[in-house]
>>> print(open('run-v4.pdb').read())   # PDB, C-alpha atoms
MODEL        1
ATOM      1  CA  MET A   1     167.405 215.833 -61.484
ATOM      2  CA  LEU A   2     165.573 216.836 -64.690
ATOM      3  CA  ALA A   3     167.278 214.068 -66.687
ATOM      4  CA  ALA A   4     166.256 211.508 -64.050
ATOM      5  CA  GLN A   5     162.668 212.716 -64.160
ATOM      6  CA  VAL A   6     162.632 212.442 -67.961
ATOM      7  CA  SER A   7     164.023 208.876 -67.822
ATOM      8  CA  VAL A   8     161.338 207.828 -65.339
ATOM      9  CA  ALA A   9     158.609 209.081 -67.675
ATOM     10  CA  ARG A  10     160.043 207.348 -70.788
ATOM     11  CA  ALA A  11     158.616 203.952 -71.696
ATOM     12  CA  ASP A  12     160.775 201.057 -70.515
ATOM     13  CA  ALA A  13     160.809 197.953 -72.678
ATOM     14  CA  GLU A  14     162.784 195.954 -70.103
ATOM     15  CA  ARG A  15     160.187 196.669 -67.443
ATOM     16  CA  GLY A  16     157.565 195.950 -70.084
ATOM     17  CA  LYS A  17     159.069 192.495 -70.608
ATOM     18  CA  GLN A  18     158.843 191.786 -66.875
ATOM     19  CA  LEU A  19     155.226 192.934 -66.859
ATOM     20  CA  TYR A  20     154.517 190.743 -69.907
ATOM     21  CA  GLU A  21     155.994 187.733 -68.145
ATOM     22  CA  SER A  22     153.872 188.259 -65.050
ATOM     23  CA  ARG A  23     150.597 189.667 -66.431
ATOM     24  CA  CYS A  24     150.264 188.388 -69.989
ATOM     25  CA  ILE A  25     152.017 185.017 -69.843
ATOM     26  CA  ALA A  26     148.897 183.169 -68.626
ATOM     27  CA  CYS A  27     147.338 183.506 -72.081
ATOM     28  CA  HIS A  28     150.003 184.751 -74.465
ATOM     29  CA  SER A  29     153.498 184.030 -75.628
ATOM     30  CA  VAL A  30     155.663 185.663 -78.250
ATOM     31  CA  ASP A  31     155.965 182.674 -80.574
ATOM     32  CA  GLU A  32     152.935 180.441 -80.009
ATOM     33  CA  ASN A  33     149.158 180.827 -80.136
ATOM     34  CA  ARG A  34     147.783 179.747 -76.785
ATOM     35  CA  VAL A  35     144.643 180.994 -75.028
ATOM     36  CA  GLY A  36     145.516 184.292 -76.728
ATOM     37  CA  PRO A  37     147.319 184.892 -80.028
ATOM     38  CA  ALA A  38     151.106 184.993 -80.387
ATOM     39  CA  HIS A  39     152.547 188.486 -80.137
ATOM     40  CA  LYS A  40     155.495 188.187 -82.483
ATOM     41  CA  GLY A  41     155.147 190.999 -85.001
ATOM     42  CA  VAL A  42     152.028 192.420 -83.319
ATOM     43  CA  PHE A  43     153.151 196.053 -83.607
ATOM     44  CA  GLY A  44     151.919 197.376 -86.932
ATOM     45  CA  ARG A  45     149.752 194.288 -87.536
ATOM     46  CA  LYS A  46     146.039 194.375 -88.229
ATOM     47  CA  ALA A  47     143.954 193.212 -85.273
ATOM     48  CA  GLY A  48     142.708 189.658 -85.627
ATOM     49  CA  SER A  49     145.407 188.544 -88.021
ATOM     50  CA  ALA A  50     147.837 186.271 -86.147
ATOM     51  CA  LYS A  51     148.056 183.165 -88.314
ATOM     52  CA  GLY A  52     146.298 180.080 -86.963
ATOM     53  CA  TYR A  53     144.547 181.729 -84.007
ATOM     54  CA  ASP A  54     140.771 181.398 -83.529
ATOM     55  CA  TYR A  55     139.726 184.999 -82.990
ATOM     56  CA  SER A  56     136.335 186.265 -81.881
ATOM     57  CA  ALA A  57     134.089 187.524 -84.676
ATOM     58  CA  ALA A  58     134.673 191.054 -83.381
ATOM     59  CA  LEU A  59     138.447 190.852 -83.797
ATOM     60  CA  LYS A  60     138.205 189.145 -87.186
ATOM     61  CA  LYS A  61     136.199 192.005 -88.664
ATOM     62  CA  SER A  62     138.013 194.799 -86.846
ATOM     63  CA  ARG A  63     140.009 197.267 -88.945
ATOM     64  CA  VAL A  64     142.202 198.336 -86.044
ATOM     65  CA  ILE A  65     145.932 198.420 -86.728
ATOM     66  CA  TRP A  66     148.044 197.896 -83.616
ATOM     67  CA  ASN A  67     150.134 200.966 -82.875
ATOM     68  CA  GLU A  68     150.955 202.869 -79.689
ATOM     69  CA  LYS A  69     147.596 204.600 -79.550
ATOM     70  CA  THR A  70     145.387 201.601 -80.363
ATOM     71  CA  LEU A  71     147.337 199.246 -78.077
ATOM     72  CA  ASP A  72     147.042 201.776 -75.261
ATOM     73  CA  ARG A  73     143.278 202.000 -75.774
ATOM     74  CA  TRP A  74     142.999 198.196 -76.061
ATOM     75  CA  LEU A  75     144.932 197.497 -72.902
ATOM     76  CA  ALA A  76     143.024 200.194 -70.988
ATOM     77  CA  ASN A  77     139.617 198.803 -71.992
ATOM     78  CA  PRO A  78     139.470 196.101 -74.657
ATOM     79  CA  GLU A  79     135.665 195.988 -74.780
ATOM     80  CA  ARG A  80     135.419 199.711 -75.394
ATOM     81  CA  LEU A  81     137.822 199.586 -78.327
ATOM     82  CA  ILE A  82     136.476 196.412 -79.947
ATOM     83  CA  PRO A  83     133.053 195.437 -78.540
ATOM     84  CA  GLY A  84     132.511 191.694 -78.511
ATOM     85  CA  GLN A  85     136.161 190.824 -77.871
ATOM     86  CA  LYS A  86     136.957 187.894 -75.604
ATOM     87  CA  MET A  87     140.088 189.018 -73.740
ATOM     88  CA  GLY A  88     138.466 190.973 -70.927
ATOM     89  CA  PHE A  89     141.818 191.649 -69.228
ATOM     90  CA  SER A  90     142.805 195.284 -68.775
ATOM     91  CA  VAL A  91     145.876 197.176 -67.594
ATOM     92  CA  PRO A  92     144.659 200.169 -65.587
ATOM     93  CA  ASP A  93     148.007 201.910 -65.085
ATOM     94  CA  ALA A  94     149.187 204.171 -67.937
ATOM     95  CA  LYS A  95     152.904 203.625 -67.247
ATOM     96  CA  ASP A  96     152.398 199.843 -67.208
ATOM     97  CA  ARG A  97     150.646 200.075 -70.578
ATOM     98  CA  ALA A  98     153.397 202.266 -72.024
ATOM     99  CA  ASP A  99     156.097 199.841 -70.900
ATOM    100  CA  LEU A 100     154.223 196.811 -72.202
ATOM    101  CA  ILE A 101     153.733 198.524 -75.550
ATOM    102  CA  ASP A 102     157.411 199.453 -75.672
ATOM    103  CA  TYR A 103     158.241 195.778 -75.131
ATOM    104  CA  LEU A 104     155.732 194.618 -77.751
ATOM    105  CA  LYS A 105     157.491 196.828 -80.287
ATOM    106  CA  THR A 106     160.600 194.717 -79.832
ATOM    107  CA  VAL A 107     159.038 191.270 -80.464
ATOM    108  CA  LYS A 108     159.548 190.959 -84.224
TER
ATOM    109  CA  MET D   1     141.861 151.485 -52.453
ATOM    110  CA  VAL D   2     140.705 153.365 -49.350
ATOM    111  CA  THR D   3     142.752 156.367 -50.422
ATOM    112  CA  SER D   4     141.225 156.400 -53.885
ATOM    113  CA  ARG D   5     137.709 156.013 -52.437
ATOM    114  CA  ARG D   6     138.342 158.846 -50.040
ATOM    115  CA  SER D   7     139.784 160.924 -52.862
ATOM    116  CA  PHE D   8     136.696 160.206 -54.956
ATOM    117  CA  LEU D   9     134.424 161.297 -52.110
ATOM    118  CA  ASN D  10     136.462 164.435 -51.591
ATOM    119  CA  ARG D  11     136.203 165.255 -55.279
ATOM    120  CA  ALA D  12     132.418 164.694 -55.190
ATOM    121  CA  THR D  13     132.114 167.033 -52.181
ATOM    122  CA  LEU D  14     134.299 169.615 -53.830
ATOM    123  CA  SER D  15     132.272 169.450 -57.023
ATOM    124  CA  ALA D  16     129.072 170.015 -55.056
ATOM    125  CA  ALA D  17     130.690 173.049 -53.412
ATOM    126  CA  ALA D  18     131.664 174.366 -56.799
ATOM    127  CA  VAL D  19     128.082 174.007 -57.997
ATOM    128  CA  ALA D  20     126.894 175.647 -54.758
ATOM    129  CA  LEU D  21     128.966 178.660 -55.743
ATOM    130  CA  LEU D  22     126.412 179.128 -58.463
ATOM    131  CA  ALA D  23     123.370 178.207 -56.336
ATOM    132  CA  GLY D  24     120.816 180.946 -56.455
ATOM    133  CA  ARG D  25     122.478 182.181 -59.581
ATOM    134  CA  ASP D  26     119.478 181.096 -61.633
ATOM    135  CA  ALA D  27     118.635 184.767 -61.247
ATOM    136  CA  LEU D  28     121.899 185.314 -63.103
ATOM    137  CA  ALA D  29     120.448 183.950 -66.297
ATOM    138  CA  ALA D  30     117.128 185.736 -65.774
ATOM    139  CA  SER D  31     118.828 189.059 -65.109
ATOM    140  CA  HIS D  32     120.709 188.767 -68.375
ATOM    141  CA  THR D  33     117.798 187.746 -70.615
ATOM    142  CA  GLY D  34     116.695 191.286 -71.157
ATOM    143  CA  ALA D  35     120.258 192.386 -71.919
ATOM    144  CA  LYS D  36     121.750 189.829 -74.287
ATOM    145  CA  GLY D  37     124.871 191.882 -74.777
ATOM    146  CA  ASP D  38     125.718 191.672 -71.080
ATOM    147  CA  ALA D  39     125.543 187.868 -71.014
ATOM    148  CA  SER D  40     127.658 187.608 -74.158
ATOM    149  CA  SER D  41     130.391 189.701 -72.593
ATOM    150  CA  ASP D  42     130.507 187.619 -69.401
ATOM    151  CA  ILE D  43     130.299 184.380 -71.381
ATOM    152  CA  GLY D  44     133.260 185.482 -73.495
ATOM    153  CA  ILE D  45     135.400 186.199 -70.453
ATOM    154  CA  LEU D  46     134.358 182.953 -68.773
ATOM    155  CA  ASN D  47     135.272 180.997 -71.889
ATOM    156  CA  THR D  48     138.685 182.641 -71.993
ATOM    157  CA  ALA D  49     139.145 181.599 -68.364
ATOM    158  CA  LEU D  50     137.945 178.084 -69.222
ATOM    159  CA  ALA D  51     140.506 177.888 -72.031
ATOM    160  CA  LEU D  52     143.111 178.883 -69.454
ATOM    161  CA  GLU D  53     142.013 176.039 -67.178
ATOM    162  CA  HIS D  54     142.113 173.524 -70.055
ATOM    163  CA  GLU D  55     145.698 174.584 -70.691
ATOM    164  CA  GLY D  56     146.580 174.353 -66.996
ATOM    165  CA  ILE D  57     145.114 170.853 -66.687
ATOM    166  CA  ASN D  58     147.051 169.702 -69.721
ATOM    167  CA  ALA D  59     150.250 171.378 -68.535
ATOM    168  CA  TYR D  60     150.080 169.269 -65.374
ATOM    169  CA  THR D  61     149.378 166.172 -67.489
ATOM    170  CA  LEU D  62     152.504 166.925 -69.506
ATOM    171  CA  GLY D  63     154.456 167.388 -66.288
ATOM    172  CA  ALA D  64     153.205 164.139 -64.792
ATOM    173  CA  GLN D  65     153.794 162.186 -68.015
ATOM    174  CA  SER D  66     157.306 163.588 -68.433
ATOM    175  CA  GLY D  67     158.618 161.210 -65.764
ATOM    176  CA  LEU D  68     160.602 164.139 -64.383
ATOM    177  CA  LEU D  69     158.498 164.686 -61.255
ATOM    178  CA  GLN D  70     159.381 162.657 -58.186
ATOM    179  CA  LYS D  71     157.183 162.026 -55.138
ATOM    180  CA  PRO D  72     156.049 164.014 -53.195
ATOM    181  CA  VAL D  73     156.248 166.731 -55.895
ATOM    182  CA  LEU D  74     154.285 164.503 -58.260
ATOM    183  CA  ASP D  75     151.495 164.173 -55.682
ATOM    184  CA  VAL D  76     151.328 167.973 -55.362
ATOM    185  CA  ALA D  77     151.125 168.365 -59.139
ATOM    186  CA  VAL D  78     148.267 165.864 -59.315
ATOM    187  CA  ARG D  79     146.472 167.705 -56.504
ATOM    188  CA  PHE D  80     146.893 171.063 -58.289
ATOM    189  CA  GLN D  81     145.590 169.533 -61.503
ATOM    190  CA  SER D  82     142.544 168.368 -59.555
ATOM    191  CA  ASP D  83     141.958 171.952 -58.395
ATOM    192  CA  HIS D  84     142.064 173.127 -62.018
ATOM    193  CA  LYS D  85     139.522 170.476 -62.979
ATOM    194  CA  GLU D  86     137.225 171.883 -60.309
ATOM    195  CA  HIS D  87     137.801 175.368 -61.738
ATOM    196  CA  ARG D  88     136.993 174.014 -65.200
ATOM    197  CA  ASP D  89     133.725 172.495 -63.996
ATOM    198  CA  THR D  90     132.749 175.679 -62.156
ATOM    199  CA  LEU D  91     133.400 177.858 -65.206
ATOM    200  CA  ALA D  92     131.672 175.470 -67.619
ATOM    201  CA  GLY D  93     128.660 175.390 -65.294
ATOM    202  CA  ALA D  94     128.506 179.191 -65.178
ATOM    203  CA  ILE D  95     128.718 179.408 -68.973
ATOM    204  CA  ARG D  96     125.857 176.940 -69.412
ATOM    205  CA  LYS D  97     123.753 178.778 -66.813
ATOM    206  CA  LEU D  98     124.178 181.941 -68.873
ATOM    207  CA  GLY D  99     123.087 180.090 -72.014
ATOM    208  CA  GLY D 100     126.536 179.848 -73.559
ATOM    209  CA  LYS D 101     128.585 176.949 -74.890
ATOM    210  CA  PRO D 102     131.779 176.070 -72.982
ATOM    211  CA  VAL D 103     134.896 176.151 -75.138
ATOM    212  CA  ASP D 104     136.373 172.737 -75.929
ATOM    213  CA  GLU D 105     139.656 171.375 -74.688
ATOM    214  CA  LYS D 106     142.322 170.993 -77.385
ATOM    215  CA  PRO D 107     144.339 167.805 -77.998
ATOM    216  CA  LEU D 108     147.252 167.301 -75.597
ATOM    217  CA  ALA D 109     149.739 167.553 -78.479
ATOM    218  CA  GLU D 110     148.664 171.139 -79.159
ATOM    219  CA  TYR D 111     149.354 172.134 -75.578
ATOM    220  CA  ALA D 112     152.673 170.306 -75.693
ATOM    221  CA  LYS D 113     153.721 172.361 -78.728
ATOM    222  CA  ALA D 114     152.453 175.683 -77.380
ATOM    223  CA  LEU D 115     154.156 175.170 -74.011
ATOM    224  CA  HIS D 116     157.397 173.839 -75.549
ATOM    225  CA  ALA D 117     157.118 170.623 -73.557
ATOM    226  CA  ASP D 118     160.085 169.195 -75.466
ATOM    227  CA  THR D 119     162.359 171.667 -73.646
ATOM    228  CA  LEU D 120     161.480 170.272 -70.204
ATOM    229  CA  LYS D 121     164.513 168.298 -69.043
ATOM    230  CA  THR D 122     164.414 168.411 -65.237
ATOM    231  CA  GLN D 123     161.925 168.530 -62.384
ATOM    232  CA  ALA D 124     162.882 172.186 -61.908
ATOM    233  CA  ASP D 125     161.980 172.908 -65.559
ATOM    234  CA  VAL D 126     158.503 171.470 -64.987
ATOM    235  CA  LEU D 127     158.027 173.369 -61.738
ATOM    236  CA  ASN D 128     159.223 176.615 -63.322
ATOM    237  CA  LEU D 129     156.717 176.215 -66.144
ATOM    238  CA  ALA D 130     153.928 175.470 -63.680
ATOM    239  CA  ALA D 131     154.890 178.429 -61.475
ATOM    240  CA  ARG D 132     154.922 180.817 -64.459
ATOM    241  CA  LEU D 133     151.488 179.640 -65.556
ATOM    242  CA  GLU D 134     150.071 179.871 -62.030
ATOM    243  CA  MET D 135     151.418 183.390 -61.567
ATOM    244  CA  GLY D 136     149.998 184.392 -64.926
ATOM    245  CA  ALA D 137     146.645 182.831 -64.069
ATOM    246  CA  THR D 138     146.507 184.687 -60.747
ATOM    247  CA  ASN D 139     147.072 187.981 -62.512
ATOM    248  CA  ALA D 140     144.631 187.080 -65.281
ATOM    249  CA  TYR D 141     141.779 186.274 -62.882
ATOM    250  CA  LEU D 142     142.408 189.453 -60.917
ATOM    251  CA  GLY D 143     142.756 191.477 -64.123
ATOM    252  CA  VAL D 144     139.380 190.470 -65.572
ATOM    253  CA  ILE D 145     137.388 191.215 -62.412
ATOM    254  CA  PRO D 146     136.478 194.791 -63.504
ATOM    255  CA  SER D 147     135.198 193.462 -66.839
ATOM    256  CA  PHE D 148     132.434 191.251 -65.435
ATOM    257  CA  LYS D 149     128.921 192.659 -65.655
ATOM    258  CA  ASP D 150     127.817 190.380 -62.797
ATOM    259  CA  SER D 151     129.432 190.914 -59.415
ATOM    260  CA  GLY D 152     128.848 187.255 -58.488
ATOM    261  CA  LEU D 153     131.093 186.190 -61.350
ATOM    262  CA  ALA D 154     133.661 188.742 -60.245
ATOM    263  CA  LYS D 155     133.719 187.024 -56.861
ATOM    264  CA  VAL D 156     134.172 183.635 -58.542
ATOM    265  CA  SER D 157     137.119 185.110 -60.439
ATOM    266  CA  ALA D 158     138.642 186.364 -57.193
ATOM    267  CA  ARG D 159     138.308 182.941 -55.575
ATOM    268  CA  LEU D 160     139.934 181.279 -58.570
ATOM    269  CA  ALA D 161     142.769 183.822 -58.359
ATOM    270  CA  ALA D 162     143.267 182.860 -54.717
ATOM    271  CA  ASP D 163     143.692 179.191 -55.672
ATOM    272  CA  GLU D 164     146.223 180.056 -58.366
ATOM    273  CA  ALA D 165     148.178 182.237 -55.937
ATOM    274  CA  LEU D 166     148.236 179.349 -53.460
ATOM    275  CA  HIS D 167     149.607 177.056 -56.174
ATOM    276  CA  TRP D 168     152.230 179.610 -57.172
ATOM    277  CA  ALA D 169     153.391 180.097 -53.578
ATOM    278  CA  ILE D 170     153.911 176.369 -53.019
ATOM    279  CA  LEU D 171     155.685 175.905 -56.345
ATOM    280  CA  ASN D 172     157.847 178.966 -55.721
ATOM    281  CA  ASN D 173     158.829 177.549 -52.349
ATOM    282  CA  ALA D 174     159.549 174.105 -53.836
ATOM    283  CA  LEU D 175     161.916 175.808 -56.272
ATOM    284  CA  GLY D 176     163.712 177.488 -53.395
ATOM    285  CA  LYS D 177     162.931 180.936 -54.760
ATOM    286  CA  PRO D 178     162.618 183.947 -52.455
ATOM    287  CA  LEU D 179     159.377 185.592 -51.446
ATOM    288  CA  PRO D 180     158.292 188.636 -53.490
ATOM    289  CA  ALA D 181     159.991 191.882 -52.458
ATOM    290  CA  GLY D 182     156.860 193.414 -50.994
ATOM    291  CA  GLY D 183     153.165 192.916 -50.316
ATOM    292  CA  MET D 184     150.497 192.698 -53.006
ATOM    293  CA  PRO D 185     152.703 191.170 -55.745
ATOM    294  CA  PHE D 186     149.666 190.220 -57.854
ATOM    295  CA  GLY D 187     146.928 192.055 -59.686
ATOM    296  CA  ALA D 188     148.456 195.493 -60.051
TER
ENDMDL
END
>>> encode(input="run-v4.pdb", output="structure tokens")
Amino acid sequence: MLAAQVSVARADAERGKQLYESRCIACHSVDENRVGPAHKGVFGRKAGSAKGYDYSAALKKSRVIWNEKTLDRWLANPERLIPGQKMGFSVPDAKDRADLIDYLKTVK
Amino acid sequence: MVTSRRSFLNRATLSAAAVALLAGRDALAASHTGAKGDASSDIGILNTALALEHEGINAYTLGAQSGLLQKPVLDVAVRFQSDHKEHRDTLAGAIRKLGGKPVDEKPLAEYAKALHADTLKTQADVLNLAARLEMGATNAYLGVIPSFKDSGLAKVSARLAADEALHWAILNNALGKPLPAGGMPFGA
């Protein structure tokens, strides 16, 4: 019972991939810049630095480095983390964010 | 000829309805003048949505030009593209009303590369791509609703989400895929 409870709380990259393919796919893909920047290598990358993507001024000058904490804050409320951003989309549920972030760690 | 005339008239009526969505929203611009930051935020989100519509329109162009779609599926794709053009015009109109500049459409070749159009080999491939984009768009429009400063724009976003969900449902059915496991599959 305790082990099952622990596994439910742990981030789930497979579930994160499913969430990515239903929530994020409108604007993003792993390999290509589309409406949003490509996510390949996003974990550990400086915000606003995907090659070839036309970022907002806010993202270009941001010093945020994408890690678990900053991605969680970004997905919860992008405008609060980097005012002037142009994504606008948020992920209200903490478990959804954790799973998405766990998936994003894998896209290298 | 009659069909195309009727279609033209329908498009004109639909465009007027889209503009009517924003009727009385002149107050929208006025209400934002004293708070420039608010307008910039809504304009940014609207332009992201407009970029989404540009991509959707071009995705359907790629599908139609692929030669892979057969009637009546081709007719449905053209109709859905027409809906996205109406969305585009509605969003561009809202952006201009707020004093912003609508984002430009990219060349078709850029969309073809980004969407891996060269991998589309069958009608089902095209429909699967369209269905994925429509599902994503539904979730995107629902997901940005809390971010709008103006509740009228939030309603526009909800209506656009409804169109995308309609598209997804028809495409999903055309592909012979099952219904979602439960209610409320979008916008979690």
>>> resolve_selection(input="run-v4.pdb", expression="the ChimeraX specification (/D :<7) & /A", output="count of residues only")
16
>>> closest_residue(input="run-v4.pdb", among="D:Thr122, D:Val76, D:Pro178, D:Ala39", to="D:Lys97", atoms="all atoms listed in the file")
D:Ala39
>>> atom_distance(input="run-v4.pdb", atom1="atom CA of A:Ala13", atom2="atom CA of A:Leu100")
6.7 Å
>>> resolve_selection(input="run-v4.pdb", expression="the PyMOL selection byres ((chain A and resi 70) around 12)", output="list in words")
Val42, Phe43, Gly44, Arg45, Lys46, Ala47, Ser62, Arg63, Val64, Ile65, Trp66, Asn67, Glu68, Lys69, Leu71, Asp72, Arg73, Trp74, Leu75, Ala76, Asn77, Pro78, Arg80, Leu81, Ile82, Arg97, Ala98 and Ile101 of chain A
>>> resolve_selection(input="run-v4.pdb", expression="the PyMOL selection byres ((chain A and resi 48) around 6)", output="MDAnalysis selection string")
chainID A and resid 47 49 59:60
>>> write_last_selection(input="run-v4.pdb", atoms="C-alpha atoms", output="short mmCIF file (atom, residue, chain, number, x, y, z; two decimals), keeping the file's coordinate frame")
data_model
loop_
_atom_site.label_atom_id
_atom_site.label_comp_id
_atom_site.auth_asym_id
_atom_site.auth_seq_id
_atom_site.Cartn_x
_atom_site.Cartn_y
_atom_site.Cartn_z
CA ALA A 47 143.95 193.21 -85.27
CA SER A 49 145.41 188.54 -88.02
CA LEU A 59 138.45 190.85 -83.80
CA LYS A 60 138.21 189.14 -87.19
#
>>> atom_distance(input="run-v4.pdb", atom1="atom CA of A:Pro37", atom2="atom CA of A:Ala50")
6.3 Å
>>> atom_distance(input="run-v4.pdb", atom1="atom CA of D:Gly93", atom2="atom CA of D:Ser151")
16.6 Å
>>> decode(input="run-v4.pdb", residues="stretch 80-100 of chain A", atoms="N, CA and C atoms", output="short mmCIF file (atom, residue, chain, number, x, y, z; two decimals), in the first residue's frame")
data_model
loop_
_atom_site.label_atom_id
_atom_site.label_comp_id
_atom_site.auth_asym_id
_atom_site.auth_seq_id
_atom_site.Cartn_x
_atom_site.Cartn_y
_atom_site.Cartn_z
N ARG A 80 3.55 35.37 -14.80
CA ARG A 80 4.11 35.74 -13.50
C ARG A 80 5.62 35.51 -13.47
N LEU A 81 6.07 34.45 -14.12
CA LEU A 81 7.50 34.16 -14.12
C LEU A 81 8.26 35.11 -15.04
N ILE A 82 7.73 35.29 -16.27
CA ILE A 82 8.42 36.14 -17.24
C ILE A 82 7.38 37.09 -17.84
N PRO A 83 7.13 38.24 -17.21
CA PRO A 83 6.14 39.18 -17.72
C PRO A 83 6.44 39.63 -19.14
N GLY A 84 5.41 39.65 -19.97
CA GLY A 84 5.59 40.03 -21.37
C GLY A 84 5.76 38.84 -22.29
N GLN A 85 5.67 37.63 -21.75
CA GLN A 85 5.76 36.43 -22.58
C GLN A 85 4.54 36.33 -23.49
N LYS A 86 4.59 35.45 -24.48
CA LYS A 86 3.46 35.36 -25.40
C LYS A 86 2.81 33.98 -25.41
N MET A 87 3.15 33.10 -24.47
CA MET A 87 2.53 31.77 -24.49
C MET A 87 1.11 31.81 -23.93
N GLY A 88 0.96 32.31 -22.72
CA GLY A 88 -0.37 32.46 -22.15
C GLY A 88 -0.99 31.18 -21.62
N PHE A 89 -0.55 30.03 -22.10
CA PHE A 89 -1.14 28.75 -21.72
C PHE A 89 -0.57 28.31 -20.38
N SER A 90 -1.44 27.82 -19.50
CA SER A 90 -0.97 27.36 -18.19
C SER A 90 -1.48 25.95 -17.91
N VAL A 91 -0.82 25.29 -16.99
CA VAL A 91 -1.18 23.94 -16.57
C VAL A 91 -1.48 24.00 -15.08
N PRO A 92 -2.75 24.09 -14.71
CA PRO A 92 -3.10 24.35 -13.31
C PRO A 92 -2.76 23.22 -12.34
N ASP A 93 -2.77 21.97 -12.82
CA ASP A 93 -2.60 20.84 -11.92
C ASP A 93 -1.12 20.51 -11.68
N ALA A 94 -0.74 20.42 -10.39
CA ALA A 94 0.67 20.21 -10.03
C ALA A 94 1.21 18.87 -10.54
N LYS A 95 0.39 17.82 -10.48
CA LYS A 95 0.83 16.50 -10.93
C LYS A 95 1.03 16.52 -12.45
N ASP A 96 0.13 17.19 -13.17
CA ASP A 96 0.28 17.31 -14.62
C ASP A 96 1.60 18.01 -14.94
N ARG A 97 1.89 19.09 -14.21
CA ARG A 97 3.14 19.82 -14.46
C ARG A 97 4.35 18.93 -14.18
N ALA A 98 4.30 18.21 -13.07
CA ALA A 98 5.42 17.33 -12.71
C ALA A 98 5.67 16.28 -13.78
N ASP A 99 4.60 15.71 -14.30
CA ASP A 99 4.74 14.67 -15.32
C ASP A 99 5.25 15.25 -16.63
N LEU A 100 4.74 16.41 -17.00
CA LEU A 100 5.23 17.07 -18.22
C LEU A 100 6.72 17.37 -18.10
#
